[in-house]
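Read the structure below first, then the notes.
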Protein chains: 2
Amino acid sequence: MPTRRPAIGVFDSGFGGLTVLKALLELIPESDYLYFGDTARLPYGSKSAETVARYAAEASHFLEGQGAQLLVIACNTATALALDKITAGSGVPVVGVIDPGTESASKASANQKVVVVGTDATISSHAYLRALEARGIRAKEKACPLLVPLVEEGWVEHAVTEQVARIYLDEAFAENFENADVLLLGCTHYPLIAPLLRRVAPPHVKIVDSAESTAHVVRDLLRGTAISGGAEEERRKSPRLKFFATDSVDKFRRLGARFLGREIQDVEHVDLKE
Amino acid sequence: MPTRRPAIGVFDSGFGGLTVLKALLELIPESDYLYFGDTARLPYGSKSAETVARYAAEASHFLEGQGAQLLVIACNTATALALDKITAGSGVPVVGVIDPGTESASKASANQKVVVVGTDATISSHAYLRALEARGIRAKEKACPLLVPLVEEGWVEHAVTEQVARIYLDEAFAENFENADVLLLGCTHYPLIAPLLRRVAPPHVKIVDSAESTAHVVRDLLRGTAISGGAEEERRKSPRLKFFATDSVDKFRRLGARFLGREIQDVEHVDLKE
């Protein structure tokens, strides 16, 4: 991609990473973006670390080939299982979602007690727990496997979703974690139900979103590197967005728009071997 | 498998097919069973017909290699997308779940009006709709994407599941289908919530389960073939059960027991290329 604006590659197994892209677009509109959704091979959650690492490496190479100068692994499972391998095999800087989320949670918590919610796969990996404990934070992890299907059903303001979230959060903010003061959203689907979670979570709790936190880390990284820059008139243009999906382009356009909060136009189908 | 008892191979992308195996065990205890769960590559729903056909063919060959003399494709998606291809490539008789379910629904419906529920992938394939219409039945299809995750969460008698089922069935039994008199369960997860669906469905509705219907077809097929038989004392033995899974053996044992309704012991990990 011949451009003087930075081109950021964003990778996820599916649609969830689009909430990270949304946060990036809001914070860094002076960049262009290449998004890769490995929709034919999702979910990564049921796959081995080796397989996830291989898939993620393929996607990363693809995005580098398309001109990405920085890679955002906008997928909690891929970050948890394969960030080191992706970073080792990449020619450009790589940012995952777990460290930024953990860093923000650490800053936001007055009493250093955090509840993390995510999918079964992310929670089973204990990647958030380890990252939080490494910062001296006591963390409680809670898998919320129904929230992703509820979001994908479009029930983001539905009474059923509220009831399910209440059940999960009641179980999480218990057993010495009643006074935890941060709820860390460790799944890229959850920003879509952040307003609902705000209503359901205990009032004293701050909600920290890995997607937003990741966007801040990317902005700081760009400021400190040669990737940033370009002429002033180049910087003022609207971001160019290009999407790649390994499964149906129509489905990506339709479902993706909900996550990104805007229409998705330029989607190309990509075949990676299965 | 050197035995005079028939060995039936049962194949699914994951755990759901265990409800078909359960129905088979109840109806045909004089057989042995080999179950293959392609848990590392589930769900098949987001994959292309070609890919599903290839995966299913690999699993079928594996089961034939293990001694299966008859194959049950206990997976609605695989049946919908690939039954013809699997049958064409198989050296033994192959039974899917859609024709048996459709046949039972046809017999059970007095006014030839049927509601079919299933996953997004099964409903989008319209395989049930076509099969029912070919029998002169007016059918309404309703995708219920939240029911599988609710079953996998173990909420089979939960108020949330009842509320979700009520929303789906209210939408299904509407618009000229208020008087449909059969509810066809087109997903192998749904037998676990059959009692709940019985409470939620209109009282005049009969519930037809593809798993049970498939077991009846298999019994009839065995009676008509040379596969059936063996000495009387052989027939009286308890069924031998052998399980193969492409992902975690522990997870298969744990989650699978809920679907099968009994402990799962003899599970072997199998690696098929991804």
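Naming scheme: A, B, ... for chains in displayed order of the structure tokens; residues 1 onward per chain; ligands 1 onward as shown.
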Handout entry: Residues of chain B within 9 Å of chain A, only C-alpha atoms counted, as a list in words
Key = Thr39, Ala40, Arg41, Leu42, Pro43, Ser46, Lys47, Ser48, Thr51, Pro145, Leu146, Pro149, Leu150, Glu152, Glu153, Val160, Gln163, Val164, Asp247, Ser248, Lys273 and Glu274 of chain B
Practice task
Quick one: pick out all strand (DSSP E) residues within stretch 132-254 of chain B from a backbone DSSP run and write them as number ranges by chain.
Solution key: B: 138-143, 182-185, 206-209, 241-245
Exercise for the section: Just the helix (DSSP H, G or I) stuff from stretch 161-242 of chain A, please, per backbone DSSP, written as an NGL selection string. Expected result: :A and (161-172 or 190-200 or 210-223 or 232-236)
Write a file of the selected residues as a short mmCIF file (atom, residue, chain, number, x, y, z; two decimals), in the first residue's frame, keeping N, CA and C atoms.
data_model
loop_
_atom_site.label_atom_id
_atom_site.label_comp_id
_atom_site.auth_asym_id
_atom_site.auth_seq_id
_atom_site.Cartn_x
_atom_site.Cartn_y
_atom_site.Cartn_z
N THR A 161 -30.20 -11.02 28.12
CA THR A 161 -28.76 -10.75 28.26
C THR A 161 -28.48 -10.12 29.62
N GLU A 162 -29.37 -9.23 30.05
CA GLU A 162 -29.18 -8.59 31.35
C GLU A 162 -29.25 -9.63 32.48
N GLN A 163 -30.19 -10.55 32.34
CA GLN A 163 -30.34 -11.61 33.36
C GLN A 163 -29.10 -12.50 33.40
N VAL A 164 -28.61 -12.88 32.21
CA VAL A 164 -27.42 -13.73 32.13
C VAL A 164 -26.21 -13.00 32.72
N ALA A 165 -26.05 -11.74 32.34
CA ALA A 165 -24.91 -10.95 32.84
C ALA A 165 -24.97 -10.83 34.36
N ARG A 166 -26.21 -10.66 34.87
CA ARG A 166 -26.36 -10.53 36.33
C ARG A 166 -25.92 -11.82 37.04
N ILE A 167 -26.31 -12.95 36.47
CA ILE A 167 -25.92 -14.25 37.05
C ILE A 167 -24.39 -14.38 37.07
N TYR A 168 -23.76 -14.07 35.94
CA TYR A 168 -22.30 -14.19 35.86
C TYR A 168 -21.61 -13.23 36.83
N LEU A 169 -22.05 -11.97 36.83
CA LEU A 169 -21.36 -10.98 37.67
C LEU A 169 -21.61 -11.22 39.16
N ASP A 170 -22.81 -11.72 39.49
CA ASP A 170 -23.06 -12.07 40.90
C ASP A 170 -22.09 -13.16 41.35
N GLU A 171 -21.82 -14.12 40.46
CA GLU A 171 -20.88 -15.19 40.80
C GLU A 171 -19.44 -14.67 40.86
N ALA A 172 -19.15 -13.66 40.04
CA ALA A 172 -17.77 -13.14 39.98
C ALA A 172 -17.45 -12.24 41.17
N TYR A 190 -17.39 -7.91 24.14
CA TYR A 190 -18.10 -7.30 25.26
C TYR A 190 -18.30 -5.78 25.17
N PRO A 191 -17.44 -5.05 24.45
CA PRO A 191 -17.73 -3.61 24.34
C PRO A 191 -19.15 -3.33 23.83
N LEU A 192 -19.73 -4.24 23.06
CA LEU A 192 -21.09 -4.02 22.56
C LEU A 192 -22.14 -4.06 23.68
N ILE A 193 -21.81 -4.73 24.78
CA ILE A 193 -22.76 -4.74 25.89
C ILE A 193 -22.21 -3.97 27.10
N ALA A 194 -21.26 -3.08 26.85
CA ALA A 194 -20.70 -2.29 27.95
C ALA A 194 -21.78 -1.48 28.68
N PRO A 195 -22.74 -0.84 27.98
CA PRO A 195 -23.78 -0.09 28.71
C PRO A 195 -24.61 -1.01 29.61
N LEU A 196 -24.94 -2.20 29.10
CA LEU A 196 -25.70 -3.17 29.90
C LEU A 196 -24.88 -3.64 31.10
N LEU A 197 -23.60 -3.93 30.88
CA LEU A 197 -22.74 -4.37 31.99
C LEU A 197 -22.59 -3.26 33.03
N ARG A 198 -22.56 -2.01 32.56
CA ARG A 198 -22.49 -0.87 33.48
C ARG A 198 -23.69 -0.88 34.44
N ARG A 199 -24.88 -1.19 33.90
CA ARG A 199 -26.09 -1.23 34.74
C ARG A 199 -26.06 -2.40 35.72
N VAL A 200 -25.48 -3.52 35.28
CA VAL A 200 -25.55 -4.75 36.06
C VAL A 200 -24.43 -4.83 37.10
N SER A 210 -10.47 -3.82 27.15
CA SER A 210 -9.18 -4.11 26.50
C SER A 210 -9.06 -3.43 25.14
N ALA A 211 -10.19 -3.30 24.43
CA ALA A 211 -10.16 -2.70 23.09
C ALA A 211 -9.65 -1.26 23.17
N GLU A 212 -10.27 -0.45 24.04
CA GLU A 212 -9.85 0.95 24.19
C GLU A 212 -8.41 1.05 24.68
N SER A 213 -8.08 0.20 25.66
CA SER A 213 -6.73 0.24 26.21
C SER A 213 -5.70 -0.06 25.13
N THR A 214 -6.03 -1.01 24.26
CA THR A 214 -5.11 -1.38 23.18
C THR A 214 -4.91 -0.21 22.22
N ALA A 215 -5.99 0.50 21.92
CA ALA A 215 -5.87 1.66 21.02
C ALA A 215 -4.92 2.70 21.59
N HIS A 216 -4.98 2.91 22.91
CA HIS A 216 -4.06 3.88 23.53
C HIS A 216 -2.61 3.43 23.41
N VAL A 217 -2.37 2.14 23.61
CA VAL A 217 -1.00 1.63 23.49
C VAL A 217 -0.49 1.79 22.06
N VAL A 218 -1.35 1.53 21.10
CA VAL A 218 -0.95 1.67 19.69
C VAL A 218 -0.61 3.14 19.39
N ARG A 219 -1.43 4.06 19.89
CA ARG A 219 -1.15 5.48 19.64
C ARG A 219 0.20 5.88 20.22
N ASP A 220 0.47 5.45 21.44
CA ASP A 220 1.75 5.78 22.07
C ASP A 220 2.91 5.18 21.28
N LEU A 221 2.71 3.97 20.78
CA LEU A 221 3.75 3.29 20.01
C LEU A 221 4.03 4.04 18.72
N LEU A 222 2.98 4.48 18.05
CA LEU A 222 3.15 5.22 16.78
C LEU A 222 3.91 6.53 17.02
N ARG A 223 3.57 7.19 18.11
CA ARG A 223 4.25 8.46 18.42
C ARG A 223 5.74 8.28 18.61
N GLU A 232 1.06 16.82 6.41
CA GLU A 232 -0.14 17.27 7.13
C GLU A 232 -1.40 16.97 6.32
N GLU A 233 -1.35 17.24 4.99
CA GLU A 233 -2.56 17.04 4.19
C GLU A 233 -2.91 15.54 4.11
N GLU A 234 -1.89 14.69 4.11
CA GLU A 234 -2.13 13.24 4.12
C GLU A 234 -2.82 12.82 5.41
N ARG A 235 -2.36 13.37 6.52
CA ARG A 235 -2.87 12.99 7.83
C ARG A 235 -4.35 13.35 7.99
N ARG A 236 -4.77 14.42 7.29
CA ARG A 236 -6.13 14.90 7.47
C ARG A 236 -7.17 14.06 6.75
#
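Comparing B:Val97, B:His158, B:Leu185, B:Lys107 by their smallest distance to B:Lys142, the closest is B:Leu185 (using only C-alpha atoms).
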Practice task
Name all residues at most 7 Å from B:Val92 (count only C-alpha atoms; drop same-chain ones fewer than 3 positions away) and give them as a PyMOL selection string.
Solution key: chain B and resi 69-71
Writing out the chosen residues with all heavy atoms as a compact mmCIF listing (two decimals), in the first residue's frame:
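out.txt was written with the following content:
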# COMPACT_ATOMS: atom_id res chain seq x y z
N GLN B 69 -19.34 -51.09 10.36
CA GLN B 69 -20.01 -51.72 9.22
C GLN B 69 -21.20 -50.90 8.73
O GLN B 69 -21.85 -51.24 7.75
CB GLN B 69 -20.49 -53.11 9.64
CG GLN B 69 -19.34 -54.04 10.01
CD GLN B 69 -19.80 -55.12 10.97
OE1 GLN B 69 -19.84 -54.91 12.18
NE2 GLN B 69 -20.17 -56.27 10.43
N LEU B 70 -21.47 -49.85 9.46
CA LEU B 70 -22.56 -48.94 9.09
C LEU B 70 -22.20 -47.59 9.70
O LEU B 70 -21.67 -47.52 10.81
CB LEU B 70 -23.88 -49.46 9.67
CG LEU B 70 -25.18 -48.74 9.31
CD1 LEU B 70 -26.33 -49.74 9.30
CD2 LEU B 70 -25.50 -47.60 10.25
N LEU B 71 -22.45 -46.52 8.96
CA LEU B 71 -22.08 -45.19 9.45
C LEU B 71 -23.32 -44.34 9.70
O LEU B 71 -24.19 -44.24 8.84
CB LEU B 71 -21.21 -44.46 8.44
CG LEU B 71 -19.75 -44.87 8.32
CD1 LEU B 71 -19.08 -44.07 7.20
CD2 LEU B 71 -19.02 -44.62 9.64
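From atom CA of A:Leu272 back to atom CA of B:Ser124, the distance works out to 24.0 Å.
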Handout entry: Residue contacts of A:Leu184 (7 Å, only C-alpha atoms) excluding same-chain residues fewer than 4 positions away, as an MDAnalysis selection string
Key = chainID A and resid 105 115:117 207:209
Output the selection as an mmCIF file, in the first residue's frame - N, CA, C and O atoms for each residue.
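Okay, part16.cif is ready:
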data_model
loop_
_atom_site.group_PDB
_atom_site.id
_atom_site.type_symbol
_atom_site.label_atom_id
_atom_site.label_comp_id
_atom_site.auth_asym_id
_atom_site.auth_seq_id
_atom_site.Cartn_x
_atom_site.Cartn_y
_atom_site.Cartn_z
ATOM 1 N N ALA A 105 -6.275 -1.726 33.788
ATOM 2 C CA ALA A 105 -6.972 -2.202 34.986
ATOM 3 C C ALA A 105 -6.143 -1.888 36.226
ATOM 4 O O ALA A 105 -6.666 -1.469 37.264
ATOM 5 N N VAL A 115 -11.835 -8.025 38.712
ATOM 6 C CA VAL A 115 -12.552 -9.164 38.145
ATOM 7 C C VAL A 115 -12.381 -9.115 36.626
ATOM 8 O O VAL A 115 -12.577 -8.062 36.009
ATOM 9 N N VAL A 116 -11.969 -10.251 36.029
ATOM 10 C CA VAL A 116 -11.814 -10.334 34.573
ATOM 11 C C VAL A 116 -12.881 -11.259 34.018
ATOM 12 O O VAL A 116 -13.058 -12.379 34.516
ATOM 13 N N VAL A 117 -13.580 -10.828 32.985
ATOM 14 C CA VAL A 117 -14.543 -11.700 32.310
ATOM 15 C C VAL A 117 -14.078 -11.959 30.879
ATOM 16 O O VAL A 117 -13.449 -11.108 30.254
ATOM 17 N N ILE A 207 -15.382 0.058 34.722
ATOM 18 C CA ILE A 207 -15.263 -0.927 33.647
ATOM 19 C C ILE A 207 -14.094 -0.561 32.747
ATOM 20 O O ILE A 207 -14.002 0.577 32.262
ATOM 21 N N VAL A 208 -13.174 -1.497 32.582
ATOM 22 C CA VAL A 208 -12.007 -1.277 31.726
ATOM 23 C C VAL A 208 -12.120 -2.216 30.526
ATOM 24 O O VAL A 208 -12.355 -3.408 30.672
ATOM 25 N N ASP A 209 -11.922 -1.630 29.357
ATOM 26 C CA ASP A 209 -12.157 -2.329 28.105
ATOM 27 C C ASP A 209 -10.805 -2.546 27.418
ATOM 28 O O ASP A 209 -10.083 -1.586 27.148
#
Practice task
Could you tell me how far atom CA of A:Ile98 lies from atom CA of A:Leu255, in Å and to one decimal?
Solution key: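 Result for atom CA of A:Ile98 versus atom CA of A:Leu255: 24.5 Å, one decimal.
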Problem - Atomic separation - atom CA of B:Ala74 relative to atom CA of B:Glu58, Å - result: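 Separation of atom CA of B:Glu58 and atom CA of B:Ala74: 15.0 Å.
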Problem - Minimum-distance residue to A:Gln112, chosen among A:Ala49, A:Val94, A:Val151, A:Leu183 (using only C-alpha atoms) - result: A:Leu183
Exercise for the section: Give me the residues within 6 Å of B:Ala143 as JSON, numbers by chain, counting only C-alpha atoms and dropping any in the same chain fewer than 4 places off. Expected result: {"B": [117, 118, 119, 120, 123]}
